[in-house]
Each structure stands twice: as C-alpha cells, then as structure tokens.
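Source file: run-v5.pdb. Holds: PDB, C-alpha atoms and all ligand atoms.
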ATOM      1  CA  MET A  18      -3.687 -12.994   9.778  1.00  0.00           C
ATOM      2  CA  PRO A  19      -1.051 -10.431   8.809  1.00  0.00           C
ATOM      3  CA  LEU A  20       2.507 -11.493   8.210  1.00  0.00           C
ATOM      4  CA  TYR A  21       5.229  -9.513   9.939  1.00  0.00           C
ATOM      5  CA  GLU A  22       8.976  -9.628   9.583  1.00  0.00           C
ATOM      6  CA  PHE A  23      11.124  -9.583  12.681  1.00  0.00           C
ATOM      7  CA  HIS A  24      14.845  -9.138  12.959  1.00  0.00           C
ATOM      8  CA  CYS A  25      16.787 -10.709  15.804  1.00  0.00           C
ATOM      9  CA  VAL A  26      19.480  -8.360  17.102  1.00  0.00           C
ATOM     10  CA  HIS A  27      21.218 -11.301  18.763  1.00  0.00           C
ATOM     11  CA  CYS A  28      21.726 -13.727  15.846  1.00  0.00           C
ATOM     12  CA  GLN A  29      20.977 -11.186  13.025  1.00  0.00           C
ATOM     13  CA  LYS A  30      18.381 -13.492  11.520  1.00  0.00           C
ATOM     14  CA  THR A  31      15.183 -12.171   9.898  1.00  0.00           C
ATOM     15  CA  VAL A  32      12.085 -14.294  10.373  1.00  0.00           C
ATOM     16  CA  GLU A  33       8.495 -13.946   9.131  1.00  0.00           C
ATOM     17  CA  LEU A  34       5.781 -14.550  11.686  1.00  0.00           C
ATOM     18  CA  MET A  35       1.986 -14.519  11.495  1.00  0.00           C
ATOM     19  CA  LEU A  36       0.536 -12.401  14.276  1.00  0.00           C
ATOM     20  CA  SER A  37      -2.945 -11.196  14.996  1.00  0.00           C
ATOM     21  CA  LEU A  38      -3.322  -7.433  15.382  1.00  0.00           C
ATOM     22  CA  SER A  39      -3.791  -7.758  19.121  1.00  0.00           C
ATOM     23  CA  SER A  40      -0.673  -9.848  19.636  1.00  0.00           C
ATOM     24  CA  ALA A  41       2.403  -8.408  21.257  1.00  0.00           C
ATOM     25  CA  ASN A  42       5.741  -8.759  19.556  1.00  0.00           C
ATOM     26  CA  PRO A  43       7.358 -12.163  20.012  1.00  0.00           C
ATOM     27  CA  ASP A  44       9.890 -11.995  22.827  1.00  0.00           C
ATOM     28  CA  LEU A  45      11.635 -15.225  21.914  1.00  0.00           C
ATOM     29  CA  CYS A  46      13.757 -15.656  18.794  1.00  0.00           C
ATOM     30  CA  PRO A  47      12.768 -18.871  16.980  1.00  0.00           C
ATOM     31  CA  ASN A  48      16.338 -19.239  15.706  1.00  0.00           C
ATOM     32  CA  CYS A  49      18.646 -18.648  18.695  1.00  0.00           C
ATOM     33  CA  HIS A  50      15.985 -18.650  21.454  1.00  0.00           C
ATOM     34  CA  GLN A  51      17.310 -15.397  22.886  1.00  0.00           C
ATOM     35  CA  THR A  52      14.580 -13.474  24.695  1.00  0.00           C
ATOM     36  CA  GLY A  53      13.886  -9.769  24.127  1.00  0.00           C
ATOM     37  CA  SER A  54      15.917  -9.621  20.913  1.00  0.00           C
ATOM     38  CA  MET A  55      13.182  -9.303  18.289  1.00  0.00           C
ATOM     39  CA  GLU A  56      12.612  -6.052  16.377  1.00  0.00           C
ATOM     40  CA  LYS A  57       9.673  -5.606  14.022  1.00  0.00           C
ATOM     41  CA  LEU A  58      10.577  -4.657  10.466  1.00  0.00           C
ATOM     42  CA  ILE A  59       8.392  -2.828   7.964  1.00  0.00           C
ATOM     43  CA  SER A  60       6.979  -5.594   5.850  1.00  0.00           C
ATOM     44  CA  ARG A  61       5.124  -5.842   2.542  1.00  0.00           C
ATOM     45  CA  VAL A  62       1.901  -5.814   4.564  1.00  0.00           C
ATOM     46  CA  ASN A  63       2.713  -2.356   5.937  1.00  0.00           C
ATOM     47  CA  PHE A  64       3.691  -1.050   2.504  1.00  0.00           C
ATOM     48  CA  LYS A  65       0.339  -2.158   1.158  1.00  0.00           C
ATOM     49  CA  MET A  66      -1.546  -0.249   3.877  1.00  0.00           C
ATOM     50  CA  ILE A  67       0.509   2.927   3.304  1.00  0.00           C
ATOM     51  CA  GLY A  68      -0.310   2.732  -0.400  1.00  0.00           C
ATOM     52  CA  SER A  69      -4.049   2.346   0.127  1.00  0.00           C
ATOM     53  CA  GLY A  70      -4.736   6.023  -0.677  1.00  0.00           C
ATOM     54  CA  GLY A  71      -3.608   5.483  -4.232  1.00  0.00           C
ATOM     55  CA  TYR A  72      -5.689   2.361  -4.392  1.00  0.00           C
ATOM     56  CA  LYS A  73      -8.862   4.159  -3.282  1.00  0.00           C
ATOM     57  CA  ALA A  74      -8.409   6.849  -5.952  1.00  0.00           C
ATOM     58  CA  ASP A  75      -8.108   4.054  -8.487  1.00  0.00           C
ATOM     59  CA  PHE A  76     -11.089   2.230  -7.071  1.00  0.00           C
ATOM     60  CA  LYS A  77     -13.533   5.020  -7.931  1.00  0.00           C
ATOM     61  CA  LYS A  78     -13.068   4.235 -11.607  1.00  0.00           C
ATOM     62  CA  LYS A  79     -14.129   0.644 -11.050  1.00  0.00           C
ATOM     63  CA  THR A  80     -17.790   1.387 -10.389  1.00  0.00           C
ATOM     64  CA  PHE A  81     -18.916  -2.163 -11.101  1.00  0.00           C
ATOM     65  CA  GLN A  82     -17.140  -3.417  -7.957  1.00  0.00           C
ATOM     66  CA  SER A  83     -18.792  -3.577  -4.566  1.00  0.00           C
ATOM     67  CA  PRO A  84     -17.323  -1.198  -1.944  1.00  0.00           C
ATOM     68  CA  LEU A  85     -17.254  -4.192   0.378  1.00  0.00           C
ATOM     69  CA  ASN A  86     -14.873  -5.953  -1.964  1.00  0.00           C
ATOM     70  CA  ASP A  87     -11.967  -3.882  -0.626  1.00  0.00           C
ATOM     71  CA  VAL A  88      -9.116  -6.119  -1.717  1.00  0.00           C
ATOM     72  CA  PRO A  89      -6.205  -4.442  -3.513  1.00  0.00           C
ATOM     73  CA  SER A  90      -5.097  -6.102  -6.725  1.00  0.00           C
ATOM     74  CA  ILE A  91      -1.536  -7.256  -7.372  1.00  0.00           C
ATOM     75  CA  GLU A  92      -1.020  -4.230  -9.629  1.00  0.00           C
ATOM     76  CA  ASP A  93      -2.101  -1.839  -6.878  1.00  0.00           C
ATOM     77  CA  ALA A  94       0.213  -3.507  -4.374  1.00  0.00           C
ATOM     78  CA  GLU A  95       3.174  -3.347  -6.753  1.00  0.00           C
ATOM     79  CA  ARG A  96       2.489   0.325  -7.516  1.00  0.00           C
ATOM     80  CA  ALA A  97       2.325   1.082  -3.798  1.00  0.00           C
ATOM     81  CA  LEU A  98       5.636  -0.683  -3.231  1.00  0.00           C
ATOM     82  CA  LYS A  99       7.338   1.290  -6.005  1.00  0.00           C
ATOM     83  CA  LYS A 100       5.952   4.570  -4.674  1.00  0.00           C
ATOM     84  CA  ASP A 101       7.262   3.882  -1.193  1.00  0.00           C
ATOM     85  CA  ILE A 102      10.752   2.978  -2.425  1.00  0.00           C
TER      86      ILE A 102
HETATM   87 ZN    ZN B   1      18.046 -14.851  17.262  1.00  0.00          ZN
END

In structure tokens, how does this file's structure come out?
Amino acid sequence: MPLYEFHCVHCQKTVELMLSLSSANPDLCPNCHQTGSMEKLISRVNFKMIGSGGYKADFKKKTFQSPLNDVPSIEDAERALKKDI
C-alpha cells in the first residue's frame, strides 16, 4: 500500500498514512482529532512515479531483466528525487 503524507491545517502536524489507491483522504486528524483539516502532501511515493520516465529509459539497457520486474532501484529513486528538486 502506498504511503502518503498529510498535513493538518489545524495543529500543523505532518503525519504519514498508508492508504489504498481507492481510499478517500482521511477526514480526521490522528493528532488533534479535528475533522476536515487534512491536506495531502507530495510524498516520496509521488516523486518516484514522476521520475519513472527516466527509469524506463535506463531500463532498456538492462536487457537481462524481465519487463514484469518493474521495480525501480534505490539509485533510480534517488536520481528521480534530485531531478524533481
Ligand atoms: Zn491536527
């Protein structure tokens, strides 16, 4: 399950929550229990997806790997993060 970061506009706390893709945003802050105060932040998970184009270009060189084995390496993720910043 993907990990998302949420920021509470009420208590200013940032929390990480595991949500399935079909889940709605949490409407209850786990810290102050204020409802309707959670805002989704762009997390490392999102950065990794944005950087997947660079990963695919790299992947073509690794012909010994199965196309089904579509898991970015740590190096690819770090490169994607640097590119986005
Ligand atoms: Zn809160």

Exercise answer, 12 Å around ligand ZN 1 (chain B) with only C-alpha atoms and all ligand atoms, as number ranges by chain: A: 23-32, 43-56

Gap from atom CA of Glu95 of chain A to atom CA of Lys57 of chain A - Å, one decimal: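 Between atom CA of Glu95 of chain A and atom CA of Lys57 of chain A the gap works out to 21.9 Å.
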
Point-to-point distance from atom CA of Tyr21 of chain A to atom CA of Ile59 of chain A, Å rounded to tenths: 7.7 Å

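The residue that comes closest to Met35 of chain A, out of A:Leu20, A:Leu58, A:Leu98, A:Ile91 and on the basis of only C-alpha atoms, is A:Leu20.
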